[in-house]
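Source file: run-v3.txt. Holds: compact mmCIF, C-alpha atoms and all ligand atoms.
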```txt
# COMPACT_ATOMS: atom_id res chain seq x y z
CA MET F 5 83.37 180.33 80.01
CA SER F 6 82.66 184.02 80.49
CA LYS F 7 83.18 184.61 76.77
CA LYS F 8 79.79 183.19 75.86
CA GLU F 9 78.60 186.60 74.69
CA ALA F 10 81.35 186.86 72.07
CA LYS F 11 80.94 188.71 68.79
CA PRO F 12 79.09 186.82 66.05
CA GLY F 13 82.23 186.75 63.86
CA GLU F 14 84.37 185.00 66.47
CA GLU F 15 81.70 182.49 67.45
CA LYS F 16 83.20 179.62 65.53
CA ALA F 17 86.86 179.91 66.43
CA GLU F 18 86.58 180.76 70.13
CA PRO F 19 85.39 177.50 71.77
CA GLU F 20 87.97 175.51 69.86
CA SER F 21 90.93 177.63 70.87
CA SER F 22 89.89 177.71 74.58
CA TRP F 23 89.65 173.93 74.43
CA LYS F 24 93.13 173.81 72.98
CA HIS F 25 94.36 176.20 75.66
CA LEU F 26 93.01 173.87 78.26
CA ILE F 27 95.45 171.19 77.15
CA TYR F 28 98.32 173.45 76.18
CA ASN F 29 98.51 177.13 76.85
CA PRO F 30 101.23 178.66 74.66
CA ASN F 31 101.20 181.93 76.64
CA THR F 32 102.18 180.41 79.97
CA GLY F 33 103.66 177.18 78.70
CA GLU F 34 101.17 175.24 80.88
CA PHE F 35 100.24 171.73 79.97
CA VAL F 36 96.87 170.66 81.37
CA GLY F 37 97.03 173.52 83.82
CA ARG F 38 100.57 172.90 85.03
CA THR F 39 104.00 174.01 83.95
CA ALA F 40 106.66 171.50 83.04
CA SER F 41 108.54 172.04 86.29
CA SER F 42 105.34 171.54 88.28
CA TRP F 43 104.74 168.24 86.47
CA GLY F 44 108.33 167.29 87.07
CA LEU F 45 107.99 167.86 90.81
CA ILE F 46 104.83 165.78 90.96
CA LEU F 47 106.51 162.98 89.08
CA LEU F 48 109.51 163.14 91.37
CA PHE F 49 107.29 163.10 94.44
CA TYR F 50 105.43 159.96 93.38
CA LEU F 51 108.65 158.29 92.28
CA VAL F 52 110.18 158.84 95.72
CA PHE F 53 106.93 157.94 97.49
CA TYR F 54 106.39 154.64 95.71
CA GLY F 55 110.08 153.86 95.82
CA PHE F 56 109.90 154.24 99.59
CA LEU F 57 106.84 151.97 99.83
CA ALA F 58 108.50 149.30 97.69
CA GLY F 59 111.60 149.55 99.87
CA MET F 60 109.55 149.12 103.05
CA PHE F 61 107.77 146.10 101.58
CA THR F 62 110.99 144.45 100.48
CA LEU F 63 112.62 145.07 103.81
CA THR F 64 109.79 143.59 105.90
CA MET F 65 109.50 140.63 103.53
CA TRP F 66 113.22 140.00 103.80
CA ALA F 67 113.12 140.28 107.59
CA MET F 68 110.26 137.77 107.74
CA LEU F 69 112.02 135.32 105.48
CA GLN F 70 115.09 135.42 107.72
CA THR F 71 113.00 133.81 110.46
CA LEU F 72 112.16 130.82 108.24
CA ASP F 73 114.27 127.72 107.90
CA GLU F 74 113.91 126.54 104.33
CA ASN F 75 114.08 122.90 105.37
CA VAL F 76 111.51 122.88 108.13
CA PRO F 77 107.95 124.13 107.91
CA LYS F 78 107.41 126.95 110.41
CA TYR F 79 103.94 125.85 111.29
CA SER F 80 103.22 122.15 111.32
CA ASP F 81 100.62 119.92 112.88
CA ARG F 82 101.00 119.31 116.57
CA VAL F 83 100.44 115.62 116.02
CA ALA F 84 103.83 114.27 115.01
CA SER F 85 102.40 110.91 114.07
CA PRO F 86 102.17 109.84 110.48
CA GLY F 87 99.19 108.60 108.54
CA LEU F 88 99.26 105.29 106.73
CA VAL F 89 98.55 105.01 103.03
CA ILE F 90 98.35 102.14 100.60
CA ARG F 91 99.32 101.65 96.99
CA PRO F 92 97.69 101.04 94.57
CA LYS F 93 95.96 104.31 95.35
CA SER F 94 92.53 102.87 95.90
CA MET F 95 90.49 101.92 98.91
CA GLU F 96 88.85 99.14 96.97
CA ILE F 97 90.92 96.41 95.40
CA VAL F 98 88.10 94.82 93.46
CA TYR F 99 88.78 92.83 90.30
CA ASN F 100 88.21 89.65 88.35
CA ARG F 101 91.48 87.80 88.13
CA SER F 102 90.56 86.33 84.76
CA ASP F 103 90.27 89.79 83.26
CA PRO F 104 93.64 91.64 83.07
CA SER F 105 91.98 94.93 82.12
CA GLN F 106 90.41 95.02 85.59
CA TYR F 107 93.71 94.92 87.45
CA GLN F 108 96.17 96.53 85.06
CA GLU F 109 95.64 99.92 86.65
CA PHE F 110 96.63 98.53 90.07
CA VAL F 111 99.71 96.91 88.57
CA GLN F 112 100.61 100.16 86.82
CA HIS F 113 100.38 102.14 90.08
CA LEU F 114 102.73 99.76 91.82
CA GLU F 115 105.16 99.69 88.93
CA THR F 116 105.28 103.49 88.84
CA LEU F 117 105.87 103.77 92.57
CA LEU F 118 108.69 101.25 92.47
CA GLN F 119 110.67 102.87 89.67
CA GLN F 120 112.67 104.97 92.10
CA TYR F 121 113.34 101.88 94.22
CA ASN F 122 115.02 100.04 91.36
CA ASP F 123 118.18 98.38 92.59
CA THR F 124 120.10 100.16 89.85
CA GLU F 125 118.91 103.50 91.27
CA GLN F 126 119.40 102.54 94.88
CA VAL F 127 123.02 101.45 94.62
CA LYS F 128 123.82 105.17 94.45
CA ASN F 129 122.48 105.57 97.99
CA GLU F 130 124.03 104.73 101.33
CA LEU F 131 124.11 101.31 102.88
CA CYS F 132 123.00 102.35 106.34
CA LEU F 133 123.36 100.55 109.63
CA ALA F 134 120.21 98.55 110.36
CA GLY F 135 118.36 99.45 113.52
CA GLN F 136 120.01 102.87 113.93
CA TYR F 137 118.56 106.27 113.20
CA TYR F 138 120.56 107.92 110.45
CA GLU F 139 121.09 111.32 112.00
CA GLN F 140 122.91 113.86 109.87
CA ASP F 141 122.22 117.14 111.60
CA GLY F 142 125.66 118.53 110.77
CA SER F 143 125.74 118.07 107.02
CA GLU F 144 124.15 120.37 104.46
CA GLN F 145 123.00 117.82 101.89
CA LYS F 146 121.62 114.71 103.60
CA LYS F 147 122.38 111.23 102.39
CA VAL F 148 119.71 108.71 101.58
CA CYS F 149 119.52 105.14 102.88
CA GLN F 150 119.03 102.43 100.31
CA PHE F 151 115.71 100.73 100.00
CA ARG F 152 115.96 98.18 97.26
CA ARG F 153 112.99 97.06 95.31
CA SER F 154 114.23 93.48 95.46
CA SER F 155 113.67 93.44 99.23
CA LEU F 156 109.95 93.31 98.48
CA GLY F 157 110.40 89.75 97.18
CA LEU F 158 107.26 88.36 95.59
CA CYS F 159 105.75 91.86 95.74
CA SER F 160 108.66 93.58 94.01
CA GLY F 161 107.22 93.04 90.56
CA LEU F 162 110.53 91.51 89.52
CA GLN F 163 109.63 87.81 89.68
CA ASP F 164 105.94 88.39 89.06
CA SER F 165 105.26 91.43 86.91
CA SER F 166 101.58 91.40 87.89
CA PHE F 167 102.38 91.69 91.65
CA GLY F 168 100.23 88.64 92.34
CA TYR F 169 97.10 90.11 90.79
CA ARG F 170 97.02 87.55 87.98
CA GLU F 171 97.13 84.58 90.34
CA GLY F 172 94.53 86.19 92.60
CA ARG F 173 96.92 86.82 95.48
CA PRO F 174 97.39 90.57 95.22
CA CYS F 175 100.10 92.67 96.82
CA VAL F 176 99.38 95.96 98.53
CA ILE F 177 102.13 98.35 99.54
CA VAL F 178 101.78 100.17 102.83
CA LYS F 179 103.78 103.26 103.72
CA LEU F 180 103.93 105.92 106.37
CA ASN F 181 103.51 109.53 105.36
CA ARG F 182 106.67 111.56 105.62
CA ILE F 183 107.09 113.68 108.69
CA ILE F 184 110.17 115.82 109.02
CA GLY F 185 112.28 114.95 112.03
CA LEU F 186 110.18 111.96 113.07
CA LYS F 187 112.08 109.29 114.98
CA PRO F 188 109.71 106.52 115.98
CA ALA F 189 110.65 104.82 119.21
CA GLY F 190 110.78 101.04 119.36
CA ASP F 191 110.71 98.83 116.29
CA PRO F 192 107.79 99.79 114.10
CA PHE F 193 106.18 97.15 111.92
CA ILE F 194 103.02 96.89 109.88
CA ASN F 195 100.39 94.44 111.05
CA CYS F 196 97.43 93.76 108.82
CA THR F 197 94.39 91.76 109.74
CA VAL F 198 91.41 90.65 107.73
CA LYS F 199 88.22 91.21 109.66
CA GLY F 200 86.35 88.05 110.55
CA GLU F 201 88.59 85.80 108.45
CA ASN F 202 91.61 83.71 109.12
CA LEU F 203 93.47 84.71 106.00
CA LEU F 204 97.14 84.08 105.53
CA THR F 205 99.28 87.08 104.76
CA GLN F 206 102.88 87.47 103.82
CA TYR F 207 105.01 90.54 104.49
CA PHE F 208 108.01 91.97 102.69
CA PRO F 209 110.45 92.83 104.19
CA GLN F 210 110.04 90.12 106.83
CA GLU F 211 107.43 90.70 109.53
CA GLY F 212 106.52 94.02 107.94
CA ARG F 213 109.43 95.76 109.62
CA ILE F 214 110.23 99.40 109.06
CA ASP F 215 113.85 99.98 109.86
CA ARG F 216 114.92 102.91 112.00
CA MET F 217 117.65 103.83 109.52
CA TYR F 218 115.08 105.59 107.31
CA PHE F 219 114.49 108.15 110.04
CA PRO F 220 114.69 111.03 110.52
CA TYR F 221 113.62 112.58 107.25
CA TYR F 222 115.02 116.09 106.71
CA GLY F 223 112.60 117.52 104.17
CA LYS F 224 112.27 117.74 100.43
CA LYS F 225 115.06 120.20 99.81
CA ALA F 226 117.77 118.98 102.19
CA HIS F 227 117.00 115.32 101.75
CA GLU F 228 116.87 115.03 98.00
CA GLY F 229 116.12 111.59 96.62
CA TYR F 230 114.85 110.31 99.98
CA VAL F 231 112.86 107.13 99.61
CA GLN F 232 110.34 106.06 102.17
CA PRO F 233 110.59 102.58 103.58
CA LEU F 234 107.85 100.36 102.22
CA VAL F 235 106.08 97.29 103.48
CA ALA F 236 104.39 94.99 101.01
CA LEU F 237 101.53 92.76 102.03
CA LYS F 238 100.58 89.76 99.98
CA LEU F 239 97.10 88.42 100.60
CA LEU F 240 97.25 84.67 100.19
CA LEU F 241 93.67 84.13 99.09
CA ARG F 242 92.50 80.54 98.76
CA LYS F 243 89.83 79.15 96.48
CA GLU F 244 87.16 79.71 99.10
CA ASP F 245 88.16 83.38 99.56
CA TYR F 246 87.20 84.43 96.05
CA SER F 247 84.01 86.42 95.64
CA LYS F 248 84.21 87.25 99.35
CA ASP F 249 84.12 90.86 100.41
CA LEU F 250 87.15 91.25 102.68
CA THR F 251 87.99 94.18 104.92
CA VAL F 252 91.69 94.53 105.60
CA GLU F 253 93.02 96.77 108.32
CA CYS F 254 96.70 97.63 108.63
CA ARG F 255 98.26 99.34 111.60
CA VAL F 256 101.71 100.45 112.52
CA GLU F 257 102.65 98.69 115.73
CA GLY F 258 105.67 98.15 117.95
CA SER F 259 106.40 101.83 118.41
CA ASN F 260 105.10 105.03 119.93
CA LEU F 261 103.32 105.98 116.70
CA LYS F 262 99.60 106.51 117.16
CA ASN F 263 97.32 103.97 115.52
CA ASN F 264 94.13 104.29 117.46
CA ASP F 265 92.92 107.85 117.21
CA ASP F 266 89.14 108.20 117.45
CA ARG F 267 89.00 111.29 115.27
CA ASP F 268 91.53 110.36 112.59
CA LYS F 269 91.07 106.91 111.15
CA PHE F 270 94.15 107.23 108.97
CA LEU F 271 96.55 108.02 111.79
CA GLY F 272 98.85 105.03 111.86
CA ARG F 273 96.24 102.80 110.29
CA VAL F 274 94.37 102.24 107.07
CA THR F 275 91.37 100.13 106.12
CA PHE F 276 90.56 98.92 102.63
CA ARG F 277 88.34 96.47 100.82
CA VAL F 278 89.44 93.50 98.79
CA LEU F 279 87.17 91.49 96.54
CA VAL F 280 88.69 89.12 94.01
CA THR F 281 86.51 87.12 91.68
CA GLU F 282 87.56 84.49 89.15
C1 LIG X 301 85.45 86.90 85.44
O1 LIG X 301 85.90 86.91 84.10
C2 LIG X 301 85.71 85.66 83.43
C3 LIG X 301 86.36 85.78 82.06
O2 LIG X 301 86.07 87.01 81.46
C4 LIG X 301 84.23 85.34 83.36
O3 LIG X 301 84.03 84.07 82.73
C5 LIG X 301 83.68 85.29 84.79
O4 LIG X 301 82.28 85.08 84.75
C6 LIG X 301 84.00 86.59 85.52
N1 LIG X 301 83.56 86.44 86.90
C7 LIG X 301 82.72 87.27 87.51
C8 LIG X 301 82.36 86.97 88.91
O5 LIG X 301 82.27 88.24 86.91
C1 LIG X 302 113.35 99.78 86.87
O1 LIG X 302 113.39 98.38 86.71
C2 LIG X 302 112.38 97.88 85.81
C3 LIG X 302 112.46 96.38 85.85
O2 LIG X 302 113.75 95.89 85.93
C4 LIG X 302 112.66 98.47 84.42
O3 LIG X 302 111.67 98.00 83.54
C5 LIG X 302 112.61 99.98 84.50
O4 LIG X 302 112.94 100.55 83.26
C6 LIG X 302 113.58 100.50 85.56
N1 LIG X 302 113.37 101.91 85.72
C7 LIG X 302 114.33 102.78 85.98
C8 LIG X 302 113.94 104.19 86.15
O5 LIG X 302 115.51 102.43 86.08
C1 LIG X 303 98.46 91.97 114.77
O1 LIG X 303 97.19 92.45 115.16
C2 LIG X 303 96.32 91.45 115.63
C3 LIG X 303 94.96 92.10 115.89
O2 LIG X 303 95.07 93.29 116.56
C4 LIG X 303 96.91 90.82 116.90
O3 LIG X 303 96.06 89.78 117.35
C5 LIG X 303 98.27 90.24 116.56
O4 LIG X 303 98.88 89.74 117.72
C6 LIG X 303 99.16 91.31 115.94
N1 LIG X 303 100.39 90.72 115.49
C7 LIG X 303 101.56 91.04 116.00
C8 LIG X 303 102.73 90.37 115.41
O5 LIG X 303 101.66 91.84 116.89
```
Just dump the structure as structure tokens.
Ligand SMILES: *[C@@H]1O[C@H](CO)[C@@H](O)[C@H](O)[C@H]1NC(C)=O
Ligand SMILES: *[C@@H]1O[C@H](CO)[C@@H](O)[C@H](O)[C@H]1NC(C)=O
Ligand SMILES: *[C@@H]1O[C@H](CO)[C@@H](O)[C@H](O)[C@H]1NC(C)=O
Amino acid sequence: MSKKEAKPGEEKAEPESSWKHLIYNPNTGEFVGRTASSWGLILLFYLVFYGFLAGMFTLTMWAMLQTLDENVPKYSDRVASPGLVIRPKSMEIVYNRSDPSQYQEFVQHLETLLQQYNDTEQVKNELCLAGQYYEQDGSEQKKVCQFRRSSLGLCSGLQDSSFGYREGRPCVIVKLNRIIGLKPAGDPFINCTVKGENLLTQYFPQEGRIDRMYFPYYGKKAHEGYVQPLVALKLLLRKEDYSKDLTVECRVEGSNLKNNDDRDKFLGRVTFRVLVTE
């Protein structure tokens, strides 16, 4: 910098060589103002520093993970009462029974859901004692109680591959959401009513019962292959019920499960619309 007033002859070479010296100075062996050993120390310092940070992070992460049980969520809803859902996955079962394209999606949903309930799949599972909780707290890998598709009778899709949709008497499958560790007291069953109508309904299994043997559920990982108990509802529509907008409400009853919460209209109950035309 101070060599601005250099001799005219050197004018060209000087700025270039000082620029070069800035990167590498052959006299002192400095590279960008530092010697190799100085660079080495800096490198070592950061290596140790970041290594230490990474170690701290790993250690705290590991310590946190030790407090988690991989089978049970650490934080879960206070309300240990399941919601009710229906299949097909639609709140409006509206179709013209003379037009298969209008109900084939419903039939497909049910068929897909029931694949894992195939009797051929379920024979691999345990034949559990009816009416008893199947508690397996001691064992590592939990066994699964059989729920055979054939127990859904006319709604199993085995005798009638259209699940009653073709004849205009559709089946709807009702199930409780899974809750780890839930053991409903009493004898839960599904009760569906059609608002303002005296419509006949048929349940599979009988009386819409949900057996206690399917509880408790131990979680996705420990309870591999677990199948939820299902209840199928067949709406026995008559001639005069076609083209009528029907509101069906299903509730889980007969147990301590909540079905009447003001804030959550899916807690233990579900409401859907049915309109079948011909
Ligand atoms: C239902 O479908 C049939 C056949 O496609 C048709 O004749 C009938 O008018 C339809 N009904 C209604 C209410 O749309
Ligand atoms: C389940 O059973 C149905 C009807 O018997 C059959 O079409 C389907 O391939 C079976 N699925 C599995 C996964 O076994
Ligand atoms: C189903 O619910 C209806 C309406 O709440 C009630 O009148 C009926 O007694 C219930 N059925 C059973 C079996 O509890």
Residues within 8 Å of ligand LIG 303 (chain X) should be enumerated using all atoms listed in the file and returned as a list in words. Asn195, Cys196, Thr197, Glu211, Arg255, Glu257 and Gly258 of chain F
Given the selection you just returned, output its residues as a file containing C-alpha atoms, formatted as a CSV table (one decimal), in the coordinates of the input.
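What ended up in result26.csv:
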```csv
chain,number,residue,atom,x,y,z
F,195,ASN,CA,100.4,94.4,111.0
F,196,CYS,CA,97.4,93.8,108.8
F,197,THR,CA,94.4,91.8,109.7
F,211,GLU,CA,107.4,90.7,109.5
F,255,ARG,CA,98.3,99.3,111.6
F,257,GLU,CA,102.6,98.7,115.7
F,258,GLY,CA,105.7,98.2,118.0
```
Let me have all residues with an atom within 8 Å of ligand LIG 302 (chain X), counting all atoms listed in the file, laid out as a ChimeraX atom specification. /F:118-125,161-162
Interatomic distance, CA of Gly212 (chain F) to CA of Asp191 (chain F) (Å, one decimal): 10.5 Å
Using only C-alpha atoms and all ligand atoms, find each protein or nucleic acid residue lying at most 8 Å from ligand LIG 301 (chain X); present the set as a VMD selection string. chain F and resid 100 to 103 247 281 to 282
I'd like the interatomic distance between CA of Phe61 (chain F) and CA of Leu47 (chain F), to a tenth of an Å.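 Distance reported for this atom pair: 21.0 Å.
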Residue nearest Gln140 (chain F) among F:Arg91, F:His227, F:Lys262, F:Arg182 (counting all atoms listed in the file):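 So, comparing all the options, the nearest one is F:His227.
With CA of Phe270 (chain F) on one side and CA of Lys93 (chain F) on the other, the separation reads 14.0 Å.
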Which residues of region 155-195 of chain F come within 7 Å of region 221-224 of chain F, and for each one, what is the closest pair of atoms and their distance in Å to one decimal, counting only C-alpha atoms, sorted by chain and residue number, as a tab-separated table?
```
residue	atom	partner	partner_atom	distance
F:Ile183	CA	F:Tyr221	CA	6.8
F:Ile184	CA	F:Tyr221	CA	5.1
F:Gly185	CA	F:Tyr221	CA	5.5
F:Leu186	CA	F:Tyr221	CA	6.8
```
Spatial neighbours of region 207-210 of chain F, max dist 7 Å, all atoms listed in the file, sep filter under 5 positions, as a PDB file with C-alpha atoms, keeping the file's coordinate frame:
```
ATOM      1  CA  SER F 155     113.670  93.440  99.230  1.00  0.00           C
ATOM      2  CA  LEU F 156     109.950  93.310  98.480  1.00  0.00           C
ATOM      3  CA  GLY F 157     110.400  89.750  97.180  1.00  0.00           C
ATOM      4  CA  VAL F 235     106.080  97.290 103.480  1.00  0.00           C
ATOM      5  CA  ALA F 236     104.390  94.990 101.010  1.00  0.00           C
ATOM      6  CA  LEU F 237     101.530  92.760 102.030  1.00  0.00           C
ATOM      7  CA  LYS F 238     100.580  89.760  99.980  1.00  0.00           C
TER       8      LYS F 238
END
```
